[in-house]
file query-v7.pdb (PDB, C-alpha atoms and all ligand atoms)
MODEL        1
ATOM      1  CA  MET A   1     -53.554 -36.468 133.699  1.00  0.00           C
ATOM      2  CA  ARG A   2     -50.203 -34.979 134.705  1.00  0.00           C
ATOM      3  CA  THR A   3     -49.392 -36.514 138.071  1.00  0.00           C
ATOM      4  CA  SER A   4     -46.210 -34.404 138.070  1.00  0.00           C
ATOM      5  CA  SER A   5     -48.354 -31.368 138.956  1.00  0.00           C
ATOM      6  CA  LEU A   6     -49.715 -33.096 142.079  1.00  0.00           C
ATOM      7  CA  THR A   7     -48.946 -31.179 145.255  1.00  0.00           C
ATOM      8  CA  LEU A   8     -49.396 -31.979 148.927  1.00  0.00           C
ATOM      9  CA  VAL A   9     -50.828 -29.172 151.025  1.00  0.00           C
ATOM     10  CA  ARG A  10     -51.832 -28.789 154.643  1.00  0.00           C
ATOM     11  CA  PRO A  11     -55.626 -28.960 155.204  1.00  0.00           C
ATOM     12  CA  THR A  12     -57.305 -25.746 154.098  1.00  0.00           C
ATOM     13  CA  SER A  13     -60.836 -24.361 153.816  1.00  0.00           C
ATOM     14  CA  ARG A  14     -60.096 -23.501 150.180  1.00  0.00           C
ATOM     15  CA  LEU A  15     -60.612 -27.190 149.312  1.00  0.00           C
ATOM     16  CA  LYS A  16     -63.934 -27.501 151.163  1.00  0.00           C
ATOM     17  CA  GLU A  17     -66.161 -28.576 148.249  1.00  0.00           C
ATOM     18  CA  SER A  18     -63.877 -31.123 146.610  1.00  0.00           C
ATOM     19  CA  PHE A  19     -62.741 -32.473 150.003  1.00  0.00           C
ATOM     20  CA  LEU A  20     -66.371 -33.128 151.028  1.00  0.00           C
ATOM     21  CA  GLU A  21     -67.103 -34.735 147.649  1.00  0.00           C
ATOM     22  CA  GLY A  22     -64.080 -36.997 148.131  1.00  0.00           C
ATOM     23  CA  LEU A  23     -65.065 -37.854 151.691  1.00  0.00           C
ATOM     24  CA  ALA A  24     -68.556 -38.857 150.495  1.00  0.00           C
ATOM     25  CA  GLU A  25     -66.938 -41.148 147.908  1.00  0.00           C
ATOM     26  CA  PHE A  26     -64.676 -42.743 150.537  1.00  0.00           C
ATOM     27  CA  GLN A  27     -67.693 -43.299 152.794  1.00  0.00           C
ATOM     28  CA  GLN A  28     -69.621 -44.784 149.873  1.00  0.00           C
ATOM     29  CA  GLU A  29     -66.973 -47.487 149.600  1.00  0.00           C
ATOM     30  CA  GLN A  30     -66.945 -47.869 153.413  1.00  0.00           C
ATOM     31  CA  LEU A  31     -63.297 -47.035 154.101  1.00  0.00           C
ATOM     32  CA  PRO A  32     -63.310 -47.767 157.856  1.00  0.00           C
ATOM     33  CA  TRP A  33     -61.096 -44.819 158.827  1.00  0.00           C
ATOM     34  CA  VAL A  34     -63.459 -42.155 157.415  1.00  0.00           C
ATOM     35  CA  MET A  35     -66.814 -43.509 158.555  1.00  0.00           C
ATOM     36  CA  GLN A  36     -66.865 -41.482 161.802  1.00  0.00           C
ATOM     37  CA  HIS A  37     -67.258 -38.178 159.940  1.00  0.00           C
ATOM     38  CA  ASP A  38     -70.679 -36.545 159.645  1.00  0.00           C
ATOM     39  CA  ILE A  39     -70.452 -34.737 156.320  1.00  0.00           C
ATOM     40  CA  GLU A  40     -73.258 -32.263 157.031  1.00  0.00           C
ATOM     41  CA  ALA A  41     -71.690 -31.338 160.382  1.00  0.00           C
ATOM     42  CA  LEU A  42     -68.350 -30.779 158.659  1.00  0.00           C
ATOM     43  CA  ARG A  43     -70.028 -28.673 155.979  1.00  0.00           C
ATOM     44  CA  ALA A  44     -71.598 -26.507 158.712  1.00  0.00           C
ATOM     45  CA  ASP A  45     -68.239 -25.757 160.366  1.00  0.00           C
ATOM     46  CA  PHE A  46     -65.490 -26.686 157.959  1.00  0.00           C
ATOM     47  CA  ASP A  47     -63.065 -24.173 159.459  1.00  0.00           C
ATOM     48  CA  GLN A  48     -63.178 -26.064 162.766  1.00  0.00           C
ATOM     49  CA  PHE A  49     -62.609 -29.367 160.941  1.00  0.00           C
ATOM     50  CA  VAL A  50     -59.567 -27.872 159.215  1.00  0.00           C
ATOM     51  CA  ARG A  51     -58.204 -26.714 162.576  1.00  0.00           C
ATOM     52  CA  ASP A  52     -58.706 -30.236 163.947  1.00  0.00           C
ATOM     53  CA  GLN A  53     -56.902 -31.724 160.958  1.00  0.00           C
ATOM     54  CA  LEU A  54     -54.009 -29.308 161.413  1.00  0.00           C
ATOM     55  CA  GLY A  55     -53.588 -30.542 164.982  1.00  0.00           C
ATOM     56  CA  LYS A  56     -54.422 -34.144 164.187  1.00  0.00           C
ATOM     57  CA  LYS A  57     -53.567 -37.021 166.492  1.00  0.00           C
ATOM     58  CA  THR A  58     -54.126 -40.777 166.087  1.00  0.00           C
ATOM     59  CA  LEU A  59     -57.167 -40.792 168.347  1.00  0.00           C
ATOM     60  CA  TRP A  60     -58.422 -44.174 167.060  1.00  0.00           C
ATOM     61  CA  THR A  61     -55.677 -46.187 168.730  1.00  0.00           C
ATOM     62  CA  GLN A  62     -56.185 -47.566 172.235  1.00  0.00           C
ATOM     63  CA  ASP A  63     -52.587 -46.594 172.954  1.00  0.00           C
ATOM     64  CA  THR A  64     -51.233 -43.087 173.630  1.00  0.00           C
ATOM     65  CA  PRO A  65     -52.157 -40.860 170.650  1.00  0.00           C
ATOM     66  CA  VAL A  66     -49.295 -39.600 168.497  1.00  0.00           C
ATOM     67  CA  ASP A  67     -49.056 -36.451 166.385  1.00  0.00           C
ATOM     68  CA  GLU A  68     -49.974 -36.817 162.748  1.00  0.00           C
ATOM     69  CA  THR A  69     -49.194 -34.536 159.812  1.00  0.00           C
ATOM     70  CA  GLU A  70     -52.229 -34.628 157.529  1.00  0.00           C
ATOM     71  CA  LEU A  71     -51.596 -33.655 153.906  1.00  0.00           C
ATOM     72  CA  TRP A  72     -54.122 -33.245 151.126  1.00  0.00           C
ATOM     73  CA  ALA A  73     -53.250 -34.073 147.530  1.00  0.00           C
ATOM     74  CA  VAL A  74     -54.282 -31.409 145.029  1.00  0.00           C
ATOM     75  CA  LEU A  75     -54.409 -31.619 141.252  1.00  0.00           C
ATOM     76  CA  ASP A  76     -55.541 -28.601 139.231  1.00  0.00           C
ATOM     77  CA  GLY A  77     -57.076 -27.069 142.361  1.00  0.00           C
ATOM     78  CA  VAL A  78     -59.086 -30.199 143.215  1.00  0.00           C
ATOM     79  CA  TYR A  79     -58.711 -32.433 146.298  1.00  0.00           C
ATOM     80  CA  VAL A  80     -57.864 -35.869 144.902  1.00  0.00           C
ATOM     81  CA  GLY A  81     -56.651 -37.741 147.975  1.00  0.00           C
ATOM     82  CA  ARG A  82     -54.813 -37.618 151.252  1.00  0.00           C
ATOM     83  CA  ILE A  83     -51.779 -38.933 153.034  1.00  0.00           C
ATOM     84  CA  SER A  84     -50.798 -38.641 156.651  1.00  0.00           C
ATOM     85  CA  ILE A  85     -47.554 -39.136 158.485  1.00  0.00           C
ATOM     86  CA  ARG A  86     -47.559 -40.307 162.103  1.00  0.00           C
ATOM     87  CA  HIS A  87     -44.575 -38.816 163.858  1.00  0.00           C
ATOM     88  CA  LYS A  88     -43.803 -41.983 165.773  1.00  0.00           C
ATOM     89  CA  LEU A  89     -45.202 -45.444 166.337  1.00  0.00           C
ATOM     90  CA  ASN A  90     -47.132 -46.658 169.337  1.00  0.00           C
ATOM     91  CA  ARG A  91     -47.953 -50.325 169.981  1.00  0.00           C
ATOM     92  CA  ASP A  92     -51.178 -50.195 167.959  1.00  0.00           C
ATOM     93  CA  LEU A  93     -49.541 -48.485 164.970  1.00  0.00           C
ATOM     94  CA  GLU A  94     -46.868 -51.194 164.968  1.00  0.00           C
ATOM     95  CA  ILE A  95     -49.691 -53.678 164.296  1.00  0.00           C
ATOM     96  CA  VAL A  96     -51.836 -51.645 161.905  1.00  0.00           C
ATOM     97  CA  GLY A  97     -51.351 -48.203 160.381  1.00  0.00           C
ATOM     98  CA  GLY A  98     -47.613 -47.749 160.601  1.00  0.00           C
ATOM     99  CA  HIS A  99     -46.182 -44.287 159.924  1.00  0.00           C
ATOM    100  CA  ILE A 100     -48.046 -43.513 156.699  1.00  0.00           C
ATOM    101  CA  GLY A 101     -51.629 -43.906 155.463  1.00  0.00           C
ATOM    102  CA  TYR A 102     -53.078 -42.735 152.133  1.00  0.00           C
ATOM    103  CA  ASP A 103     -56.228 -42.786 150.015  1.00  0.00           C
ATOM    104  CA  THR A 104     -56.926 -41.706 146.435  1.00  0.00           C
ATOM    105  CA  ARG A 105     -60.438 -40.657 145.372  1.00  0.00           C
ATOM    106  CA  PRO A 106     -61.963 -43.536 143.351  1.00  0.00           C
ATOM    107  CA  ALA A 107     -62.219 -41.615 140.064  1.00  0.00           C
ATOM    108  CA  TYR A 108     -58.520 -40.707 140.236  1.00  0.00           C
ATOM    109  CA  ARG A 109     -57.123 -44.181 140.921  1.00  0.00           C
ATOM    110  CA  GLY A 110     -54.723 -46.072 138.687  1.00  0.00           C
ATOM    111  CA  LYS A 111     -53.042 -42.896 137.450  1.00  0.00           C
ATOM    112  CA  GLY A 112     -50.002 -42.899 139.702  1.00  0.00           C
ATOM    113  CA  LEU A 113     -51.322 -40.451 142.289  1.00  0.00           C
ATOM    114  CA  ALA A 114     -50.792 -42.535 145.438  1.00  0.00           C
ATOM    115  CA  SER A 115     -47.308 -43.483 144.233  1.00  0.00           C
ATOM    116  CA  THR A 116     -46.556 -39.765 143.831  1.00  0.00           C
ATOM    117  CA  MET A 117     -48.124 -38.918 147.209  1.00  0.00           C
ATOM    118  CA  VAL A 118     -45.842 -41.396 148.970  1.00  0.00           C
ATOM    119  CA  ALA A 119     -42.797 -40.140 147.038  1.00  0.00           C
ATOM    120  CA  LEU A 120     -43.604 -36.561 148.104  1.00  0.00           C
ATOM    121  CA  ALA A 121     -44.271 -37.573 151.719  1.00  0.00           C
ATOM    122  CA  LEU A 122     -40.998 -39.444 152.290  1.00  0.00           C
ATOM    123  CA  PRO A 123     -38.790 -36.322 152.517  1.00  0.00           C
ATOM    124  CA  ILE A 124     -41.367 -34.781 154.854  1.00  0.00           C
ATOM    125  CA  ALA A 125     -41.131 -37.871 157.060  1.00  0.00           C
ATOM    126  CA  LYS A 126     -37.362 -37.488 156.999  1.00  0.00           C
ATOM    127  CA  SER A 127     -37.678 -33.866 158.101  1.00  0.00           C
ATOM    128  CA  LEU A 128     -39.728 -35.140 161.044  1.00  0.00           C
ATOM    129  CA  GLY A 129     -36.796 -37.331 162.047  1.00  0.00           C
ATOM    130  CA  ILE A 130     -38.113 -40.613 160.650  1.00  0.00           C
ATOM    131  CA  ASP A 131     -35.321 -42.466 158.834  1.00  0.00           C
ATOM    132  CA  GLU A 132     -37.367 -45.534 158.019  1.00  0.00           C
ATOM    133  CA  VAL A 133     -41.140 -45.524 157.662  1.00  0.00           C
ATOM    134  CA  LEU A 134     -43.271 -48.529 158.485  1.00  0.00           C
ATOM    135  CA  VAL A 135     -46.164 -48.990 156.052  1.00  0.00           C
ATOM    136  CA  THR A 136     -48.760 -51.694 156.633  1.00  0.00           C
ATOM    137  CA  CYS A 137     -51.313 -52.956 154.138  1.00  0.00           C
ATOM    138  CA  ASN A 138     -53.616 -55.883 153.607  1.00  0.00           C
ATOM    139  CA  ASP A 139     -52.040 -58.751 151.705  1.00  0.00           C
ATOM    140  CA  SER A 140     -55.011 -58.475 149.300  1.00  0.00           C
ATOM    141  CA  ASN A 141     -54.498 -54.754 148.538  1.00  0.00           C
ATOM    142  CA  ILE A 142     -52.647 -55.134 145.231  1.00  0.00           C
ATOM    143  CA  ALA A 143     -52.686 -51.411 144.436  1.00  0.00           C
ATOM    144  CA  SER A 144     -51.241 -50.428 147.808  1.00  0.00           C
ATOM    145  CA  ILE A 145     -48.576 -53.129 147.555  1.00  0.00           C
ATOM    146  CA  ARG A 146     -47.519 -51.652 144.193  1.00  0.00           C
ATOM    147  CA  VAL A 147     -47.468 -48.122 145.639  1.00  0.00           C
ATOM    148  CA  ILE A 148     -45.184 -49.234 148.463  1.00  0.00           C
ATOM    149  CA  GLU A 149     -42.879 -51.363 146.339  1.00  0.00           C
ATOM    150  CA  LYS A 150     -42.543 -48.627 143.684  1.00  0.00           C
ATOM    151  CA  ASN A 151     -41.341 -46.375 146.476  1.00  0.00           C
ATOM    152  CA  GLY A 152     -38.619 -48.774 147.550  1.00  0.00           C
ATOM    153  CA  GLY A 153     -40.571 -50.659 150.205  1.00  0.00           C
ATOM    154  CA  ARG A 154     -38.763 -53.679 151.637  1.00  0.00           C
ATOM    155  CA  LEU A 155     -41.111 -56.410 152.856  1.00  0.00           C
ATOM    156  CA  ARG A 156     -40.254 -57.104 156.503  1.00  0.00           C
ATOM    157  CA  GLU A 157     -42.920 -59.729 157.066  1.00  0.00           C
ATOM    158  CA  THR A 158     -46.424 -60.920 156.258  1.00  0.00           C
ATOM    159  CA  LYS A 159     -48.516 -62.088 159.190  1.00  0.00           C
ATOM    160  CA  PRO A 160     -52.115 -62.039 160.456  1.00  0.00           C
ATOM    161  CA  GLN A 161     -53.016 -58.724 162.084  1.00  0.00           C
ATOM    162  CA  PHE A 162     -54.310 -60.767 165.025  1.00  0.00           C
ATOM    163  CA  GLU A 163     -54.879 -64.475 165.543  1.00  0.00           C
ATOM    164  CA  GLY A 164     -57.206 -65.617 162.779  1.00  0.00           C
ATOM    165  CA  GLY A 165     -57.296 -62.081 161.335  1.00  0.00           C
ATOM    166  CA  PRO A 166     -56.524 -60.830 157.802  1.00  0.00           C
ATOM    167  CA  LEU A 167     -52.976 -61.200 156.507  1.00  0.00           C
ATOM    168  CA  LYS A 168     -51.042 -57.923 156.732  1.00  0.00           C
ATOM    169  CA  ARG A 169     -47.867 -56.928 154.980  1.00  0.00           C
ATOM    170  CA  TYR A 170     -45.287 -54.887 156.878  1.00  0.00           C
ATOM    171  CA  TYR A 171     -42.948 -52.815 154.727  1.00  0.00           C
ATOM    172  CA  LEU A 172     -40.048 -50.528 155.583  1.00  0.00           C
ATOM    173  CA  ILE A 173     -39.095 -47.613 153.327  1.00  0.00           C
ATOM    174  CA  ALA A 174     -35.902 -45.633 153.877  1.00  0.00           C
ATOM    175  CA  THR A 175     -36.644 -41.889 153.709  1.00  0.00           C
TER     176      THR A 175
HETATM  177  C1  LIG A 201     -54.413 -48.080 147.354  1.00  0.00           C
HETATM  178  C2  LIG A 201     -54.691 -46.755 146.660  1.00  0.00           C
HETATM  179  C3  LIG A 201     -54.311 -45.615 147.593  1.00  0.00           C
HETATM  180  C4  LIG A 201     -53.864 -46.690 145.364  1.00  0.00           C
HETATM  181  O1  LIG A 201     -54.077 -45.410 144.810  1.00  0.00           O
HETATM  182  P1  LIG A 201     -53.764 -45.075 143.275  1.00  0.00           P
HETATM  183  O2  LIG A 201     -53.682 -43.587 143.189  1.00  0.00           O
HETATM  184  O3  LIG A 201     -54.703 -45.779 142.393  1.00  0.00           O
HETATM  185  O4  LIG A 201     -52.317 -45.717 143.112  1.00  0.00           O
HETATM  186  P2  LIG A 201     -51.385 -45.609 141.813  1.00  0.00           P
HETATM  187  O5  LIG A 201     -52.170 -45.066 140.667  1.00  0.00           O
HETATM  188  O6  LIG A 201     -50.150 -44.916 142.238  1.00  0.00           O
HETATM  189  O7  LIG A 201     -51.152 -47.131 141.479  1.00  0.00           O
HETATM  190  C5  LIG A 201     -50.114 -47.874 141.994  1.00  0.00           C
HETATM  191  C6  LIG A 201     -50.039 -49.178 141.238  1.00  0.00           C
HETATM  192  O8  LIG A 201     -51.158 -50.016 141.559  1.00  0.00           O
HETATM  193  C7  LIG A 201     -51.758 -50.470 140.377  1.00  0.00           C
HETATM  194  N1  LIG A 201     -53.170 -50.577 140.636  1.00  0.00           N
HETATM  195  C8  LIG A 201     -54.032 -49.593 140.917  1.00  0.00           C
HETATM  196  N2  LIG A 201     -55.255 -50.100 141.140  1.00  0.00           N
HETATM  197  C9  LIG A 201     -55.139 -51.437 140.978  1.00  0.00           C
HETATM  198  C10 LIG A 201     -56.043 -52.520 141.083  1.00  0.00           C
HETATM  199  N3  LIG A 201     -57.330 -52.302 141.429  1.00  0.00           N
HETATM  200  N4  LIG A 201     -55.578 -53.758 140.860  1.00  0.00           N
HETATM  201  C11 LIG A 201     -54.299 -53.975 140.536  1.00  0.00           C
HETATM  202  N5  LIG A 201     -53.373 -52.990 140.441  1.00  0.00           N
HETATM  203  C12 LIG A 201     -53.811 -51.742 140.655  1.00  0.00           C
HETATM  204  C13 LIG A 201     -51.443 -49.412 139.346  1.00  0.00           C
HETATM  205  O9  LIG A 201     -51.522 -49.949 138.048  1.00  0.00           O
HETATM  206  C14 LIG A 201     -50.034 -49.038 139.738  1.00  0.00           C
HETATM  207  O10 LIG A 201     -49.115 -49.996 139.307  1.00  0.00           O
HETATM  208  P3  LIG A 201     -48.149 -49.714 138.068  1.00  0.00           P
HETATM  209  O11 LIG A 201     -47.456 -48.428 138.365  1.00  0.00           O
HETATM  210  O12 LIG A 201     -47.287 -50.892 138.050  1.00  0.00           O
HETATM  211  O13 LIG A 201     -49.060 -49.598 136.882  1.00  0.00           O
HETATM  212  C15 LIG A 201     -56.206 -46.640 146.262  1.00  0.00           C
HETATM  213  O14 LIG A 201     -56.589 -47.816 145.590  1.00  0.00           O
HETATM  214  C16 LIG A 201     -57.114 -46.407 147.449  1.00  0.00           C
HETATM  215  O15 LIG A 201     -57.315 -45.268 147.876  1.00  0.00           O
HETATM  216  N6  LIG A 201     -57.685 -47.496 147.998  1.00  0.00           N
HETATM  217  C17 LIG A 201     -58.564 -47.427 149.155  1.00  0.00           C
HETATM  218  C18 LIG A 201     -57.809 -46.998 150.403  1.00  0.00           C
HETATM  219  C19 LIG A 201     -56.590 -47.835 150.642  1.00  0.00           C
HETATM  220  O16 LIG A 201     -56.561 -49.039 150.411  1.00  0.00           O
HETATM  221  N7  LIG A 201     -55.541 -47.153 151.135  1.00  0.00           N
HETATM  222  C20 LIG A 201     -54.260 -47.780 151.413  1.00  0.00           C
HETATM  223  C21 LIG A 201     -54.319 -48.482 152.725  1.00  0.00           C
HETATM  224  S1  LIG A 201     -52.799 -49.384 153.010  1.00  0.00           S
ENDMDL
END
call {"tool": "encode", "arguments": {"input": "query-v7.pdb", "output": "structure tokens"}}
result
Amino acid sequence: MRTSSLTLVRPTSRLKESFLEGLAEFQQEQLPWVMQHDIEALRADFDQFVRDQLGKKTLWTQDTPVDETELWAVLDGVYVGRISIRHKLNRDLEIVGGHIGYDTRPAYRGKGLASTMVALALPIAKSLGIDEVLVTCNDSNIASIRVIEKNGGRLRETKPQFEGGPLKRYYLIAT
């Protein structure tokens, strides 16, 4: 697999089938941040979903929502993952989420795709005026830790997300 041909694109109806396949896979493994989607409803009006993604905001935080640039990773015309860039931090994002979040479809993992996604997203973050991105991940997420460190992530601290909660790592990456 040539990860060098990976591109990031804005959400588009052209990727409907492989996006929905990927979403089903993410739901199968219970990724918490995709469980709210009803795949059949999205299939019925994918154009509206794409419009929503193009104007995405961090609606899951209790704090004021911030704008988010959603990008889909495409390899040989197939949706293989996603990455999003939050334009600024609110109090909740400081604790979990940070500026950047990403997922690779299970069958495409371990091939360097998330590392490439982050590398491609950093200049986009810079163009949004972010000089240093905060990336958070679970202390147990070895793959994500590697992705961040391969992209120059500097560990700021490791601490529980909340009292008695899971250990989180907080990294900063210069854009
Ligand atoms: C974390 C995630 C995005 C990594 O995606 P990926 O495309 O497999 O990442 P890469 O292929 O770029 O791998 C990065 C590094 O992690 C390593 N890695 C991948 N999976 C691993 C695993 N299960 N255990 C240990 N190391 C692993 C790779 O070998 C690579 O290291 P290397 O370059 O030193 O060989 C993917 O596992 C995923 O989508 N997980 C579920 C969602 C998630 O956790 N998102 C991130 C939230 S912070």
call {"tool": "axis_aligned_box", "arguments": {"input": "query-v7.pdb", "around": "ligand LIG 201 (chain A)", "padding_each_side": "6 Å", "output": "AutoDock Vina command-line options"}}
result
--center_x -52.9 --center_y -48.8 --center_z 144.9 --size_x 23.3 --size_y 22.4 --size_z 28.1
call {"tool": "residues_near_ligand", "arguments": {"input": "query-v7.pdb", "ligand": "ligand LIG 201 (chain A)", "cutoff": "6 Å", "atoms": "only C-alpha atoms and all ligand atoms", "output": "JSON, numbers by chain"}}
result
{"A": [101, 102, 103, 104, 109, 110, 111, 112, 113, 114, 115, 136, 137, 142, 143, 144, 146, 147]}
call {"tool": "resolve_selection", "arguments": {"input": "query-v7.pdb", "expression": "the PyMOL selection byres (((chain A and resi 125) around 12) and not hetatm)", "output": "ChimeraX atom specification"}}
result
/A:68-71,83-88,99-100,118-124,126-134,173-175
call {"tool": "residues_near_point", "arguments": {"input": "query-v7.pdb", "point": "(-51.5, -60.4, 158.3)", "cutoff": "8 Å", "atoms": "all atoms listed in the file", "output": "mmCIF file with C-alpha atoms, keeping the file's coordinate frame"}}
result
data_model
loop_
_atom_site.group_PDB
_atom_site.id
_atom_site.type_symbol
_atom_site.label_atom_id
_atom_site.label_comp_id
_atom_site.auth_asym_id
_atom_site.auth_seq_id
_atom_site.Cartn_x
_atom_site.Cartn_y
_atom_site.Cartn_z
ATOM 1 C CA ASN A 138 -53.616 -55.883 153.607
ATOM 2 C CA ASP A 139 -52.040 -58.751 151.705
ATOM 3 C CA THR A 158 -46.424 -60.920 156.258
ATOM 4 C CA LYS A 159 -48.516 -62.088 159.190
ATOM 5 C CA PRO A 160 -52.115 -62.039 160.456
ATOM 6 C CA GLN A 161 -53.016 -58.724 162.084
ATOM 7 C CA PHE A 162 -54.310 -60.767 165.025
ATOM 8 C CA GLY A 165 -57.296 -62.081 161.335
ATOM 9 C CA PRO A 166 -56.524 -60.830 157.802
ATOM 10 C CA LEU A 167 -52.976 -61.200 156.507
ATOM 11 C CA LYS A 168 -51.042 -57.923 156.732
ATOM 12 C CA ARG A 169 -47.867 -56.928 154.980
#
call {"tool": "atom_distance", "arguments": {"input": "query-v7.pdb", "atom1": "CA of Ser4 (chain A)", "atom2": "CA of Gly55 (chain A)"}}
result
28.2 Å
call {"tool": "closest_residue", "arguments": {"input": "query-v7.pdb", "among": "A:Ala24, A:Met117, A:Ile145, A:Ala107", "to": "Val74 (chain A)", "atoms": "only C-alpha atoms"}}
result
A:Met117
call {"tool": "atom_distance", "arguments": {"input": "query-v7.pdb", "atom1": "CA of Glu21 (chain A)", "atom2": "CA of Tyr108 (chain A)"}}
result
12.8 Å
call {"tool": "closest_residue", "arguments": {"input": "query-v7.pdb", "among": "A:Val80, A:Ala41, A:Val66, A:Leu54", "to": "Glu25 (chain A)", "atoms": "all atoms listed in the file"}}
result
A:Val80
call {"tool": "residues_around", "arguments": {"input": "query-v7.pdb", "residues": "Arg154 (chain A)", "least_positions_apart": "5", "cutoff": "9 Å", "atoms": "all atoms listed in the file", "output": "list in words"}}
result
Ile148, Glu149, Tyr170, Tyr171, Leu172, Ile173 and Ala174 of chain A
call {"tool": "write_last_selection", "arguments": {"input": "query-v7.pdb", "atoms": "C-alpha atoms", "output": "PDB file, in the coordinates of the input"}}
result
ATOM      1  CA  ILE A 148     -45.184 -49.234 148.463  1.00  0.00           C
ATOM      2  CA  GLU A 149     -42.879 -51.363 146.339  1.00  0.00           C
ATOM      3  CA  TYR A 170     -45.287 -54.887 156.878  1.00  0.00           C
ATOM      4  CA  TYR A 171     -42.948 -52.815 154.727  1.00  0.00           C
ATOM      5  CA  LEU A 172     -40.048 -50.528 155.583  1.00  0.00           C
ATOM      6  CA  ILE A 173     -39.095 -47.613 153.327  1.00  0.00           C
ATOM      7  CA  ALA A 174     -35.902 -45.633 153.877  1.00  0.00           C
TER       8      ALA A 174
END
call {"tool": "atom_distance", "arguments": {"input": "query-v7.pdb", "atom1": "CA of Val135 (chain A)", "atom2": "CA of Glu163 (chain A)"}}
result
20.1 Å
call {"tool": "closest_residue", "arguments": {"input": "query-v7.pdb", "among": "A:Asp45, A:Asp63, A:Glu40, A:Glu17", "to": "Glu94 (chain A)", "atoms": "all atoms listed in the file"}}
result
A:Asp63
call {"tool": "resolve_selection", "arguments": {"input": "query-v7.pdb", "expression": "the PyMOL selection byres (((chain A and resi 13) around 7) and not hetatm)", "output": "CSV table (one decimal) with C-alpha atoms, keeping the file's coordinate frame"}}
result
chain,number,residue,atom,x,y,z
A,12,THR,CA,-57.3,-25.7,154.1
A,14,ARG,CA,-60.1,-23.5,150.2
A,15,LEU,CA,-60.6,-27.2,149.3
A,16,LYS,CA,-63.9,-27.5,151.2
A,46,PHE,CA,-65.5,-26.7,158.0
A,47,ASP,CA,-63.1,-24.2,159.5
A,50,VAL,CA,-59.6,-27.9,159.2
call {"tool": "residues_near_point", "arguments": {"input": "query-v7.pdb", "point": "(-57.8, -33.8, 136.7)", "cutoff": "9 Å", "atoms": "all atoms listed in the file", "output": "PDB file with C-alpha atoms, in the coordinates of the input"}}
result
ATOM      1  CA  MET A   1     -53.554 -36.468 133.699  1.00  0.00           C
ATOM      2  CA  ARG A   2     -50.203 -34.979 134.705  1.00  0.00           C
ATOM      3  CA  THR A   3     -49.392 -36.514 138.071  1.00  0.00           C
ATOM      4  CA  LEU A  75     -54.409 -31.619 141.252  1.00  0.00           C
ATOM      5  CA  ASP A  76     -55.541 -28.601 139.231  1.00  0.00           C
ATOM      6  CA  GLY A  77     -57.076 -27.069 142.361  1.00  0.00           C
ATOM      7  CA  VAL A  78     -59.086 -30.199 143.215  1.00  0.00           C
ATOM      8  CA  VAL A  80     -57.864 -35.869 144.902  1.00  0.00           C
ATOM      9  CA  TYR A 108     -58.520 -40.707 140.236  1.00  0.00           C
TER      10      TYR A 108
END
call {"tool": "closest_residue", "arguments": {"input": "query-v7.pdb", "among": "A:Gly98, A:Pro106, A:Gly153, A:Pro11", "to": "Phe49 (chain A)", "atoms": "only C-alpha atoms"}}
result
A:Pro11
call {"tool": "closest_residue", "arguments": {"input": "query-v7.pdb", "among": "A:Met35, A:Leu59, A:Leu6, A:Ala73", "to": "Ser18 (chain A)", "atoms": "only C-alpha atoms"}}
result
A:Ala73
call {"tool": "closest_residue", "arguments": {"input": "query-v7.pdb", "among": "A:Leu31, A:Ile39, A:Leu8, A:Leu89", "to": "Lys57 (chain A)", "atoms": "all atoms listed in the file"}}
result
A:Leu89
